[in-house]
>>> print(open('final.pdb').read())   # PDB, C-alpha atoms and all ligand atoms
ATOM      1  CA  MET A  11      -4.202  -2.432  19.429
ATOM      2  CA  PRO A  12      -5.374   0.862  17.912
ATOM      3  CA  LEU A  13      -4.473   1.622  14.292
ATOM      4  CA  VAL A  14      -1.019   3.187  13.955
ATOM      5  CA  SER A  15       0.569   5.743  11.633
ATOM      6  CA  MET A  16       2.738   4.403   8.832
ATOM      7  CA  ASN A  17       5.781   6.502   9.767
ATOM      8  CA  GLY A  18       7.040   4.426  12.705
ATOM      9  CA  ILE A  19       6.641   1.014  11.105
ATOM     10  CA  LEU A  20       8.274   2.055   7.837
ATOM     11  CA  ALA A  21      11.197   3.721   9.607
ATOM     12  CA  ALA A  22      11.750   0.428  11.479
ATOM     13  CA  ALA A  23      11.398  -1.645   8.282
ATOM     14  CA  ALA A  24      13.856   0.563   6.372
ATOM     15  CA  LYS A  25      16.348   0.326   9.236
ATOM     16  CA  GLU A  26      16.084  -3.459   9.487
ATOM     17  CA  GLY A  27      16.018  -4.097   5.738
ATOM     18  CA  TYR A  28      12.575  -5.524   5.122
ATOM     19  CA  ALA A  29       9.374  -4.189   3.560
ATOM     20  CA  VAL A  30       5.837  -3.936   4.911
ATOM     21  CA  GLY A  31       3.151  -5.359   2.629
ATOM     22  CA  ALA A  32       0.441  -2.871   1.636
ATOM     23  CA  PHE A  33      -2.675  -4.646   0.452
ATOM     24  CA  ASN A  34      -5.943  -3.301  -0.965
ATOM     25  CA  PRO A  35      -9.047  -4.805   0.651
ATOM     26  CA  VAL A  36     -12.284  -4.662  -1.329
ATOM     27  CA  ASP A  37     -14.740  -5.761   1.383
ATOM     28  CA  TYR A  38     -14.876  -6.847   5.028
ATOM     29  CA  ALA A  39     -13.709 -10.414   4.271
ATOM     30  CA  SER A  40     -10.607  -9.300   2.383
ATOM     31  CA  MET A  41      -9.861  -6.819   5.178
ATOM     32  CA  LYS A  42     -10.150  -9.631   7.700
ATOM     33  CA  ALA A  43      -8.001 -11.939   5.548
ATOM     34  CA  ILE A  44      -5.235  -9.302   5.500
ATOM     35  CA  MET A  45      -5.395  -8.915   9.293
ATOM     36  CA  CYS A  46      -5.429 -12.702   9.859
ATOM     37  CA  ALA A  47      -2.471 -13.232   7.528
ATOM     38  CA  ALA A  48      -0.486 -10.492   9.307
ATOM     39  CA  GLU A  49      -1.460 -11.904  12.706
ATOM     40  CA  GLU A  50      -0.386 -15.436  11.739
ATOM     41  CA  GLU A  51       2.890 -14.139  10.325
ATOM     42  CA  ASN A  52       3.320 -11.780  13.306
ATOM     43  CA  ALA A  53       4.034  -8.932  10.894
ATOM     44  CA  PRO A  54       3.160  -5.238  10.670
ATOM     45  CA  VAL A  55       0.742  -4.547   7.836
ATOM     46  CA  ILE A  56      -0.786  -1.739   5.780
ATOM     47  CA  LEU A  57      -4.383  -1.924   4.594
ATOM     48  CA  GLN A  58      -4.871   0.590   1.838
ATOM     49  CA  THR A  59      -8.199   1.504   0.372
ATOM     50  CA  SER A  60      -8.587   2.913  -3.117
ATOM     51  CA  ALA A  61     -10.748   6.040  -3.370
ATOM     52  CA  LYS A  62     -13.141   3.927  -5.453
ATOM     53  CA  THR A  63     -13.589   1.461  -2.573
ATOM     54  CA  VAL A  64     -14.104   4.343  -0.119
ATOM     55  CA  ARG A  65     -16.820   5.799  -2.337
ATOM     56  CA  TYR A  66     -18.468   2.371  -2.639
ATOM     57  CA  TYR A  67     -18.819   1.660   1.116
ATOM     58  CA  GLY A  68     -18.515   5.144   2.610
ATOM     59  CA  HIS A  69     -15.827   6.397   4.976
ATOM     60  CA  GLU A  70     -17.550   5.516   8.247
ATOM     61  CA  THR A  71     -18.226   1.881   7.352
ATOM     62  CA  LEU A  72     -14.661   1.107   6.267
ATOM     63  CA  ALA A  73     -13.165   2.907   9.267
ATOM     64  CA  MET A  74     -15.490   1.056  11.651
ATOM     65  CA  TRP A  75     -14.613  -2.376  10.176
ATOM     66  CA  MET A  76     -10.933  -1.574  10.339
ATOM     67  CA  ARG A  77     -10.975  -0.213  13.882
ATOM     68  CA  GLU A  78     -12.777  -3.336  15.086
ATOM     69  CA  LEU A  79     -10.292  -5.701  13.408
ATOM     70  CA  ALA A  80      -7.268  -3.734  14.652
ATOM     71  CA  GLU A  81      -8.560  -3.626  18.243
ATOM     72  CA  GLN A  82      -8.766  -7.445  18.271
ATOM     73  CA  SER A  83      -5.205  -7.762  17.039
ATOM     74  CA  ALA A  84      -1.774  -7.428  18.675
ATOM     75  CA  ILE A  85       0.126  -6.467  15.543
ATOM     76  CA  PRO A  86       0.564  -2.896  14.235
ATOM     77  CA  ALA A  87      -1.836  -2.126  11.381
ATOM     78  CA  VAL A  88      -2.228   1.028   9.308
ATOM     79  CA  LEU A  89      -5.350   2.206   7.504
ATOM     80  CA  HIS A  90      -4.035   4.071   4.470
ATOM     81  CA  LEU A  91      -5.709   5.849   1.552
ATOM     82  CA  ASP A  92      -4.122   4.733  -1.737
ATOM     83  CA  HIS A  93      -3.747   7.315  -4.566
ATOM     84  CA  GLY A  94      -5.856  10.116  -3.065
ATOM     85  CA  LYS A  95      -6.360  12.689  -5.780
ATOM     86  CA  GLU A  96      -9.042  14.914  -4.237
ATOM     87  CA  LEU A  97      -8.498  17.032  -1.142
ATOM     88  CA  GLU A  98     -12.071  16.508   0.065
ATOM     89  CA  MET A  99     -11.705  12.703  -0.045
ATOM     90  CA  ILE A 100      -8.414  12.976   1.867
ATOM     91  CA  ARG A 101      -9.856  15.384   4.446
ATOM     92  CA  ARG A 102     -12.744  13.032   5.205
ATOM     93  CA  CYS A 103     -10.379  10.071   5.572
ATOM     94  CA  ILE A 104      -8.340  12.014   8.126
ATOM     95  CA  GLU A 105     -11.516  12.981  10.008
ATOM     96  CA  THR A 106     -12.983   9.480  10.077
ATOM     97  CA  GLY A 107      -9.966   7.505  11.281
ATOM     98  CA  TRP A 108      -7.460   6.753   8.482
ATOM     99  CA  THR A 109      -3.980   6.834  10.036
ATOM    100  CA  SER A 110      -2.191   7.502   6.759
ATOM    101  CA  VAL A 111      -3.093   9.075   3.410
ATOM    102  CA  MET A 112      -1.535   9.257  -0.030
ATOM    103  CA  ILE A 113      -1.735  12.411  -2.080
ATOM    104  CA  ASP A 114      -1.194  11.600  -5.736
ATOM    105  CA  ALA A 115      -0.783  14.875  -7.587
ATOM    106  CA  SER A 116       1.900  13.352  -9.818
ATOM    107  CA  HIS A 117      -0.032  14.270 -12.990
ATOM    108  CA  LEU A 118       0.477  17.984 -12.183
ATOM    109  CA  PRO A 119       3.601  20.044 -12.953
ATOM    110  CA  PHE A 120       6.258  19.810 -10.224
ATOM    111  CA  GLU A 121       5.454  23.073  -8.387
ATOM    112  CA  GLN A 122       1.728  22.302  -8.304
ATOM    113  CA  ASN A 123       2.373  18.737  -7.151
ATOM    114  CA  LEU A 124       4.560  20.108  -4.364
ATOM    115  CA  ALA A 125       1.977  22.724  -3.338
ATOM    116  CA  MET A 126      -0.917  20.261  -3.248
ATOM    117  CA  SER A 127       1.181  17.668  -1.402
ATOM    118  CA  ARG A 128       2.207  20.340   1.117
ATOM    119  CA  GLU A 129      -1.430  21.167   1.769
ATOM    120  CA  VAL A 130      -2.088  17.506   2.573
ATOM    121  CA  VAL A 131       1.020  17.206   4.769
ATOM    122  CA  ASP A 132      -0.106  20.252   6.800
ATOM    123  CA  MET A 133      -3.625  18.899   7.206
ATOM    124  CA  ALA A 134      -2.495  15.344   8.047
ATOM    125  CA  THR A 135       0.382  16.215  10.378
ATOM    126  CA  ALA A 136      -1.936  18.329  12.531
ATOM    127  CA  ALA A 137      -4.067  15.198  13.020
ATOM    128  CA  GLY A 138      -1.129  12.827  13.648
ATOM    129  CA  VAL A 139      -1.678  11.129  10.281
ATOM    130  CA  GLY A 140       1.221  10.072   8.013
ATOM    131  CA  VAL A 141       1.541  11.001   4.328
ATOM    132  CA  GLU A 142       2.719   9.335   1.120
ATOM    133  CA  ALA A 143       3.257  11.478  -1.987
ATOM    134  CA  GLU A 144       4.195  10.588  -5.575
ATOM    135  CA  LEU A 145       6.644  12.019  -8.077
ATOM    136  CA  GLY A 146       6.935  10.993 -11.732
ATOM    137  CA  GLU A 147       4.174   8.990 -13.389
ATOM    138  CA  ILE A 148       3.651   5.287 -12.772
ATOM    139  CA  VAL A 149       2.518   3.308 -15.809
ATOM    140  CA  GLY A 150      -0.789   1.374 -15.773
ATOM    141  CA  VAL A 151      -4.374   1.938 -14.633
ATOM    142  CA  GLU A 152      -5.160   3.601 -11.314
ATOM    143  CA  GLU A 153      -8.646   4.873 -10.380
ATOM    144  CA  ASP A 154      -9.753   4.184 -13.973
ATOM    145  CA  ILE A 155      -7.077   6.562 -15.290
ATOM    146  CA  SER A 156      -4.620   4.892 -17.614
ATOM    147  CA  VAL A 157      -1.011   6.055 -18.010
ATOM    148  CA  SER A 158       0.611   4.582 -21.129
ATOM    149  CA  GLU A 159       4.294   3.645 -21.319
ATOM    150  CA  GLU A 160       4.928   6.658 -23.572
ATOM    151  CA  ASP A 161       3.367   9.025 -21.015
ATOM    152  CA  ALA A 162       4.983   7.483 -17.946
ATOM    153  CA  HIS A 163       8.181   9.094 -16.794
ATOM    154  CA  LEU A 164      10.559   8.179 -14.023
ATOM    155  CA  ALA A 165      11.154  10.449 -11.060
ATOM    156  CA  ASP A 166      14.015  12.939 -11.403
ATOM    157  CA  PRO A 167      16.469  12.553  -8.477
ATOM    158  CA  ASP A 168      17.118  16.322  -8.173
ATOM    159  CA  LYS A 169      13.386  17.001  -7.941
ATOM    160  CA  ALA A 170      12.944  14.042  -5.579
ATOM    161  CA  GLU A 171      15.493  15.569  -3.218
ATOM    162  CA  ILE A 172      13.748  18.956  -3.211
ATOM    163  CA  PHE A 173      10.322  17.292  -2.865
ATOM    164  CA  CYS A 174      11.324  15.286   0.206
ATOM    165  CA  ARG A 175      13.242  18.166   1.768
ATOM    166  CA  GLU A 176      10.188  20.419   1.474
ATOM    167  CA  LEU A 177       7.709  17.836   2.747
ATOM    168  CA  GLU A 178       7.595  15.766   5.912
ATOM    169  CA  LEU A 179       6.686  12.388   4.361
ATOM    170  CA  GLY A 180       6.233   9.009   6.033
ATOM    171  CA  VAL A 181       6.888   7.362   2.680
ATOM    172  CA  PHE A 182       7.777   8.592  -0.802
ATOM    173  CA  ALA A 183       6.544   7.061  -4.066
ATOM    174  CA  PRO A 184       8.863   7.931  -6.967
ATOM    175  CA  ALA A 185       8.174   6.340 -10.352
ATOM    176  CA  ILE A 186      11.072   3.902 -10.757
ATOM    177  CA  GLY A 187       9.941   1.683 -13.640
ATOM    178  CA  THR A 188       7.259  -0.499 -12.058
ATOM    179  CA  GLY A 189       3.599  -0.300 -13.099
ATOM    180  CA  HIS A 190       0.074  -1.078 -11.927
ATOM    181  CA  GLY A 191      -1.551  -4.379 -12.974
ATOM    182  CA  PHE A 192       0.094  -7.536 -14.329
ATOM    183  CA  TYR A 193       3.235  -7.044 -16.427
ATOM    184  CA  LYS A 194       3.569  -7.969 -20.063
ATOM    185  CA  GLY A 195       7.218  -9.033 -20.163
ATOM    186  CA  THR A 196       9.844  -8.059 -17.596
ATOM    187  CA  PRO A 197       9.542  -4.492 -16.281
ATOM    188  CA  LYS A 198      12.612  -2.268 -16.518
ATOM    189  CA  VAL A 199      13.058  -1.415 -12.852
ATOM    190  CA  ASP A 200      15.751   1.220 -12.367
ATOM    191  CA  PHE A 201      17.579  -0.022  -9.246
ATOM    192  CA  ASP A 202      20.285   2.651  -9.522
ATOM    193  CA  LEU A 203      17.579   5.307  -9.493
ATOM    194  CA  ILE A 204      15.950   3.761  -6.396
ATOM    195  CA  GLU A 205      19.317   3.759  -4.609
ATOM    196  CA  GLU A 206      20.131   7.301  -5.628
ATOM    197  CA  ILE A 207      16.721   8.633  -4.570
ATOM    198  CA  TYR A 208      16.805   6.785  -1.255
ATOM    199  CA  GLY A 209      20.358   7.999  -0.603
ATOM    200  CA  ARG A 210      19.444  11.608  -1.309
ATOM    201  CA  THR A 211      16.036  11.715   0.409
ATOM    202  CA  ALA A 212      16.589   9.354   3.388
ATOM    203  CA  THR A 213      12.829   8.684   3.186
ATOM    204  CA  PRO A 214      11.438   5.116   3.062
ATOM    205  CA  LEU A 215      10.227   4.392  -0.479
ATOM    206  CA  ALA A 216       6.973   2.832  -1.671
ATOM    207  CA  LEU A 217       7.061   0.296  -4.484
ATOM    208  CA  HIS A 218       3.853   0.589  -6.506
ATOM    209  CA  GLY A 219       2.913  -2.254  -8.821
ATOM    210  CA  GLY A 220       4.267  -5.138  -6.724
ATOM    211  CA  THR A 221       2.000  -7.674  -8.440
ATOM    212  CA  GLY A 222       3.907 -10.064 -10.679
ATOM    213  CA  LEU A 223       7.439  -8.870  -9.868
ATOM    214  CA  SER A 224       9.999 -11.673  -9.601
ATOM    215  CA  ASP A 225      11.481 -12.467  -6.211
ATOM    216  CA  ASP A 226      14.854 -11.208  -7.453
ATOM    217  CA  ILE A 227      13.379  -7.803  -8.368
ATOM    218  CA  ILE A 228      11.502  -7.589  -5.043
ATOM    219  CA  GLN A 229      14.637  -8.346  -2.998
ATOM    220  CA  ARG A 230      16.749  -5.866  -4.960
ATOM    221  CA  CYS A 231      14.080  -3.177  -4.475
ATOM    222  CA  ILE A 232      14.045  -3.819  -0.716
ATOM    223  CA  ARG A 233      17.865  -3.651  -0.560
ATOM    224  CA  SER A 234      17.766  -0.384  -2.526
ATOM    225  CA  GLY A 235      15.370   1.368  -0.122
ATOM    226  CA  CYS A 236      11.781   0.206  -0.721
ATOM    227  CA  ALA A 237      10.086  -0.320   2.659
ATOM    228  CA  LYS A 238       6.448  -0.506   1.480
ATOM    229  CA  ILE A 239       5.355  -2.859  -1.295
ATOM    230  CA  ASN A 240       1.881  -2.493  -2.794
ATOM    231  CA  ILE A 241      -0.101  -5.532  -3.881
ATOM    232  CA  SER A 242      -3.553  -4.893  -5.288
ATOM    233  CA  THR A 243      -4.134  -6.732  -8.576
ATOM    234  CA  HIS A 244      -2.921 -10.102  -7.273
ATOM    235  CA  LEU A 245      -5.332  -9.914  -4.320
ATOM    236  CA  LYS A 246      -8.218  -8.992  -6.643
ATOM    237  CA  HIS A 247      -7.501 -12.163  -8.617
ATOM    238  CA  ALA A 248      -7.409 -14.288  -5.449
ATOM    239  CA  PHE A 249     -10.730 -12.716  -4.407
ATOM    240  CA  VAL A 250     -12.525 -13.582  -7.657
ATOM    241  CA  ASP A 251     -10.752 -16.877  -8.440
ATOM    242  CA  GLY A 252     -11.064 -18.109  -4.839
ATOM    243  CA  PHE A 253     -14.817 -17.742  -5.101
ATOM    244  CA  SER A 254     -15.356 -18.971  -8.646
ATOM    245  CA  ASN A 255     -12.928 -21.924  -8.472
ATOM    246  CA  TYR A 256     -14.734 -23.277  -5.413
ATOM    247  CA  HIS A 257     -18.005 -23.104  -7.287
ATOM    248  CA  LYS A 258     -16.517 -24.761 -10.377
ATOM    249  CA  THR A 259     -15.261 -27.723  -8.329
ATOM    250  CA  ASN A 260     -18.403 -27.866  -6.121
ATOM    251  CA  PRO A 261     -21.199 -26.876  -8.523
ATOM    252  CA  ASP A 262     -23.985 -28.225  -6.274
ATOM    253  CA  ASP A 263     -22.839 -26.475  -3.092
ATOM    254  CA  TYR A 264     -24.934 -23.372  -2.513
ATOM    255  CA  GLU A 265     -23.927 -22.841   1.113
ATOM    256  CA  PRO A 266     -22.582 -19.260   0.908
ATOM    257  CA  LEU A 267     -20.433 -19.492   4.042
ATOM    258  CA  LYS A 268     -18.504 -22.432   2.578
ATOM    259  CA  VAL A 269     -17.841 -20.520  -0.624
ATOM    260  CA  LEU A 270     -16.771 -17.469   1.374
ATOM    261  CA  GLY A 271     -14.579 -19.662   3.575
ATOM    262  CA  ALA A 272     -12.771 -21.078   0.541
ATOM    263  CA  GLN A 273     -12.306 -17.593  -0.896
ATOM    264  CA  PHE A 274     -10.945 -16.368   2.468
ATOM    265  CA  GLU A 275      -8.346 -19.170   2.617
ATOM    266  CA  VAL A 276      -7.093 -18.466  -0.922
ATOM    267  CA  MET A 277      -6.644 -14.764  -0.073
ATOM    268  CA  LYS A 278      -4.998 -15.481   3.274
ATOM    269  CA  GLN A 279      -2.467 -17.931   1.799
ATOM    270  CA  LEU A 280      -1.447 -15.430  -0.886
ATOM    271  CA  LEU A 281      -1.096 -12.667   1.720
ATOM    272  CA  ARG A 282       1.012 -14.808   4.063
ATOM    273  CA  GLU A 283       3.279 -15.734   1.163
ATOM    274  CA  LYS A 284       3.764 -12.048   0.255
ATOM    275  CA  ILE A 285       4.444 -10.995   3.849
ATOM    276  CA  ARG A 286       7.079 -13.745   4.167
ATOM    277  CA  GLN A 287       8.641 -12.777   0.828
ATOM    278  CA  PHE A 288       8.936  -9.119   1.926
ATOM    279  CA  GLY A 289      10.675 -10.168   5.162
ATOM    280  CA  GLY A 290       8.107  -8.830   7.642
ATOM    281  CA  SER A 291       7.348 -12.122   9.414
ATOM    282  CA  GLY A 292       8.146 -12.192  13.115
ATOM    283  CA  LYS A 293       8.476  -8.400  13.430
ATOM    284  CA  GLY A 294       4.926  -7.456  14.474
ATOM    285  CA  ARG A 295       4.640  -7.802  18.239
ATOM    286  CA  GLN A 296       8.132  -6.576  19.099
ATOM    287  CA  LEU A 297       7.479  -3.524  16.921
ATOM    288  CA  ALA A 298       4.093  -2.960  18.586
ATOM    289  CA  ALA A 299       5.868  -2.768  21.947
ATOM    290  CA  VAL A 300       8.040   0.187  20.901
ATOM    291  CA  LEU A 301       5.528   2.235  18.877
TER     292      LEU A 301
HETATM  293 ZN    ZN A 401      -0.114   2.694  -6.976
END
>>> encode(input="final.pdb", output="structure tokens", more="lines below")
Ligand SMILES: [Zn+2]
Amino acid sequence: MPLVSMNGILAAAAKEGYAVGAFNPVDYASMKAIMCAAEEENAPVILQTSAKTVRYYGHETLAMWMRELAEQSAIPAVLHLDHGKELEMIRRCIETGWTSVMIDASHLPFEQNLAMSREVVDMATAAGVGVEAELGEIVGVEEDISVSEEDAHLADPDKAEIFCRELELGVFAPAIGTGHGFYKGTPKVDFDLIEEIYGRTATPLALHGGTGLSDDIIQRCIRSGCAKINISTHLKHAFVDGFSNYHKTNPDDYEPLKVLGAQFEVMKQLLREKIRQFGGSGKGRQLAAVL
């Protein structure tokens, strides 16, 4: 089926109490692994590209790969831009076929964040494309920019309410204590804050930094209002380890397709596990019928 906007699938997920996995592909094989995992689990799925990956392959190439994979599939899939910080990058994504974009102006003061996010909402809505926007600062490294724990601050619920009232968002990303990359120790996730923000904004929430969170934390986040869970770092590790571990155990095998096949399986198994954990299995085709 054609690529879909994120708004419909996240509204359904929030209503039914599960979360849609949002995974970052880094090449065609990882994109295909995400689609295969979602197909086998019969689950809706979000494929989100970092701006860095878009710059590496170019907009047209990524959009073409994704359109082809989605057309062969019966489950709803979204092509989303993760952490878009430049309007020109976002504009080109909308023009070339992304069905959802994130504007991350969270480093700016509130009014400027709101103004820049509004500009993206206006541009995207006119094209039928959904929007994610961020408030507060999420700890960790994103697009080579590092936010330390001292600099990170959680989203303010009063501002979150104004932000979501002013903007028509498909999904909202408030900083709630999670971070990008693997965690050192247990993160201090503020579940009360998630519940309060979800209660006051009635907008499905995105959980950034899903890699390495315990199952208990994941389930509590879903119950509190998170309908989109981002996994990037864990998939990067499966990508590299899947390739290198095969070579370590088969040092004489220089048949590239066998190495790629092993790497593909490692990624797909991880992705299926995550989709199941987030509760999306079995929801794909029935959701496709009503979108
Ligand atoms: Zn993020």
>>> residues_around(input="final.pdb", residues="range 237-241 of chain A", least_positions_apart="3", cutoff="10 Å", atoms="all atoms listed in the file", output="number ranges by chain")
A: 16, 19-34, 55-58, 92, 181-183, 190-191, 213-222, 228, 231-234, 244-246, 281, 284-285, 288
>>> residues_near_point(input="final.pdb", point="(12.5, 0.5, -17.7)", cutoff="8 Å", atoms="all atoms listed in the file", output="PyMOL selection string")
chain A and resi 186-188+197-200
>>> atom_distance(input="final.pdb", atom1="CA of Thr259 in chain A", atom2="CA of Glu51 in chain A")
29.4 Å
>>> residues_around(input="final.pdb", residues="Ala143 in chain A", least_positions_apart="5", cutoff="12 Å", atoms="only C-alpha atoms", output="PDB file with C-alpha atoms, keeping the file's coordinate frame")
ATOM      1  CA  LEU A  91      -5.709   5.849   1.552  1.00  0.00           C
ATOM      2  CA  ASP A  92      -4.122   4.733  -1.737  1.00  0.00           C
ATOM      3  CA  HIS A  93      -3.747   7.315  -4.566  1.00  0.00           C
ATOM      4  CA  GLY A  94      -5.856  10.116  -3.065  1.00  0.00           C
ATOM      5  CA  LYS A  95      -6.360  12.689  -5.780  1.00  0.00           C
ATOM      6  CA  SER A 110      -2.191   7.502   6.759  1.00  0.00           C
ATOM      7  CA  VAL A 111      -3.093   9.075   3.410  1.00  0.00           C
ATOM      8  CA  MET A 112      -1.535   9.257  -0.030  1.00  0.00           C
ATOM      9  CA  ILE A 113      -1.735  12.411  -2.080  1.00  0.00           C
ATOM     10  CA  ASP A 114      -1.194  11.600  -5.736  1.00  0.00           C
ATOM     11  CA  ALA A 115      -0.783  14.875  -7.587  1.00  0.00           C
ATOM     12  CA  SER A 116       1.900  13.352  -9.818  1.00  0.00           C
ATOM     13  CA  HIS A 117      -0.032  14.270 -12.990  1.00  0.00           C
ATOM     14  CA  ASN A 123       2.373  18.737  -7.151  1.00  0.00           C
ATOM     15  CA  LEU A 124       4.560  20.108  -4.364  1.00  0.00           C
ATOM     16  CA  ALA A 125       1.977  22.724  -3.338  1.00  0.00           C
ATOM     17  CA  MET A 126      -0.917  20.261  -3.248  1.00  0.00           C
ATOM     18  CA  SER A 127       1.181  17.668  -1.402  1.00  0.00           C
ATOM     19  CA  ARG A 128       2.207  20.340   1.117  1.00  0.00           C
ATOM     20  CA  GLU A 129      -1.430  21.167   1.769  1.00  0.00           C
ATOM     21  CA  VAL A 130      -2.088  17.506   2.573  1.00  0.00           C
ATOM     22  CA  VAL A 131       1.020  17.206   4.769  1.00  0.00           C
ATOM     23  CA  ALA A 170      12.944  14.042  -5.579  1.00  0.00           C
ATOM     24  CA  PHE A 173      10.322  17.292  -2.865  1.00  0.00           C
ATOM     25  CA  CYS A 174      11.324  15.286   0.206  1.00  0.00           C
ATOM     26  CA  GLU A 176      10.188  20.419   1.474  1.00  0.00           C
ATOM     27  CA  LEU A 177       7.709  17.836   2.747  1.00  0.00           C
ATOM     28  CA  GLU A 178       7.595  15.766   5.912  1.00  0.00           C
ATOM     29  CA  LEU A 179       6.686  12.388   4.361  1.00  0.00           C
ATOM     30  CA  GLY A 180       6.233   9.009   6.033  1.00  0.00           C
ATOM     31  CA  VAL A 181       6.888   7.362   2.680  1.00  0.00           C
ATOM     32  CA  PHE A 182       7.777   8.592  -0.802  1.00  0.00           C
ATOM     33  CA  ALA A 183       6.544   7.061  -4.066  1.00  0.00           C
ATOM     34  CA  PRO A 184       8.863   7.931  -6.967  1.00  0.00           C
ATOM     35  CA  ALA A 185       8.174   6.340 -10.352  1.00  0.00           C
ATOM     36  CA  THR A 213      12.829   8.684   3.186  1.00  0.00           C
ATOM     37  CA  PRO A 214      11.438   5.116   3.062  1.00  0.00           C
ATOM     38  CA  LEU A 215      10.227   4.392  -0.479  1.00  0.00           C
ATOM     39  CA  ALA A 216       6.973   2.832  -1.671  1.00  0.00           C
ATOM     40  CA  HIS A 218       3.853   0.589  -6.506  1.00  0.00           C
TER      41      HIS A 218
END
>>> closest_residue(input="final.pdb", among="A:Gln296, A:Ser60, A:Gln279, A:Thr135", to="ligand ZN 401 (chain A)", atoms="only C-alpha atoms and all ligand atoms")
A:Ser60
>>> closest_residue(input="final.pdb", among="A:Glu98, A:Ala39, A:Ala84, A:Gly150", to="Phe253 in chain A", atoms="only C-alpha atoms")
A:Ala39
>>> resolve_selection(input="final.pdb", expression="the PyMOL selection byres (((chain A and resi 78) around 12) and not hetatm)", output="compact mmCIF listing (two decimals) with C-alpha atoms, keeping the file's coordinate frame")
# COMPACT_ATOMS: atom_id res chain seq x y z
CA MET A 11 -4.20 -2.43 19.43
CA PRO A 12 -5.37 0.86 17.91
CA LEU A 13 -4.47 1.62 14.29
CA TYR A 38 -14.88 -6.85 5.03
CA MET A 41 -9.86 -6.82 5.18
CA LYS A 42 -10.15 -9.63 7.70
CA MET A 45 -5.40 -8.91 9.29
CA THR A 71 -18.23 1.88 7.35
CA LEU A 72 -14.66 1.11 6.27
CA ALA A 73 -13.16 2.91 9.27
CA MET A 74 -15.49 1.06 11.65
CA TRP A 75 -14.61 -2.38 10.18
CA MET A 76 -10.93 -1.57 10.34
CA ARG A 77 -10.98 -0.21 13.88
CA LEU A 79 -10.29 -5.70 13.41
CA ALA A 80 -7.27 -3.73 14.65
CA GLU A 81 -8.56 -3.63 18.24
CA GLN A 82 -8.77 -7.44 18.27
CA SER A 83 -5.20 -7.76 17.04
CA ALA A 87 -1.84 -2.13 11.38
CA LEU A 89 -5.35 2.21 7.50
CA GLY A 107 -9.97 7.50 11.28
>>> closest_residue(input="final.pdb", among="A:Cys46, A:Val36, A:Ile104, A:Val149", to="ligand ZN 401 (chain A)", atoms="only C-alpha atoms and all ligand atoms")
A:Val149
>>> atom_distance(input="final.pdb", atom1="CA of Lys258 in chain A", atom2="CA of Ser242 in chain A")
24.3 Å
>>> atom_distance(input="final.pdb", atom1="CA of Glu105 in chain A", atom2="CA of Glu70 in chain A")
9.8 Å
>>> closest_residue(input="final.pdb", among="A:Ala212, A:Arg65, A:Ile148, A:Ser291", to="ligand ZN 401 (chain A)", atoms="all atoms listed in the file")
A:Ile148
>>> residues_around(input="final.pdb", residues="Phe249 in chain A", least_positions_apart="2", cutoff="8 Å", atoms="all atoms listed in the file", output="ChimeraX atom specification")
/A:40,245-247,251-253,273-274,276-277
>>> closest_residue(input="final.pdb", among="A:Gly294, A:Gly195, A:Val64, A:Pro266", to="Leu223 in chain A", atoms="all atoms listed in the file")
A:Gly195
>>> closest_residue(input="final.pdb", among="A:Asp132, A:Glu144, A:Glu121, A:Glu171", to="ligand ZN 401 (chain A)", atoms="all atoms listed in the file")
A:Glu144
>>> resolve_selection(input="final.pdb", expression="the PyMOL selection byres (((chain A and resi 138) around 9) and not hetatm)", output="JSON, numbers by chain")
{"A": [15, 109, 110, 134, 135, 136, 137, 139, 140]}
>>> axis_aligned_box(input="final.pdb", around="range 194-207 of chain A", padding_each_side="8 Å", output="JSON")
{"center_x": 11.9, "center_y": -0.2, "center_z": -12.4, "size_x": 32.7, "size_y": 33.7, "size_z": 31.6}
>>> decode(input="final.pdb", residues="range 89-97 of chain A", atoms="N, CA and C atoms", output="JSON list (two decimals), in the first residue's frame")
[["chain", "number", "residue", "atom", "x", "y", "z"],
["A", 89, "LEU", "N", 7.06, 7.05, 6.27],
["A", 89, "LEU", "CA", 8.44, 7.53, 6.09],
["A", 89, "LEU", "C", 8.53, 8.88, 6.80],
["A", 90, "HIS", "N", 9.34, 8.90, 7.85],
["A", 90, "HIS", "CA", 9.39, 10.06, 8.76],
["A", 90, "HIS", "C", 10.81, 10.62, 8.81],
["A", 91, "LEU", "N", 10.92, 11.93, 8.90],
["A", 91, "LEU", "CA", 12.23, 12.56, 9.11],
["A", 91, "LEU", "C", 12.43, 12.74, 10.61],
["A", 92, "ASP", "N", 13.52, 12.20, 11.14],
["A", 92, "ASP", "CA", 13.82, 12.27, 12.57],
["A", 92, "ASP", "C", 14.66, 13.52, 12.85],
["A", 93, "HIS", "N", 14.31, 14.28, 13.86],
["A", 93, "HIS", "CA", 15.09, 15.47, 14.29],
["A", 93, "HIS", "C", 15.48, 16.40, 13.15],
["A", 94, "GLY", "N", 14.50, 16.84, 12.36],
["A", 94, "GLY", "CA", 14.79, 17.86, 11.34],
["A", 94, "GLY", "C", 15.06, 19.20, 12.01],
["A", 95, "LYS", "N", 16.20, 19.76, 11.70],
["A", 95, "LYS", "CA", 16.55, 21.05, 12.32],
["A", 95, "LYS", "C", 16.60, 22.19, 11.31],
["A", 96, "GLU", "N", 16.62, 21.85, 10.03],
["A", 96, "GLU", "CA", 16.71, 22.89, 8.99],
["A", 96, "GLU", "C", 15.46, 22.87, 8.13],
["A", 97, "LEU", "N", 14.91, 24.07, 7.90],
["A", 97, "LEU", "CA", 13.66, 24.15, 7.12],
["A", 97, "LEU", "C", 13.84, 23.62, 5.70]]
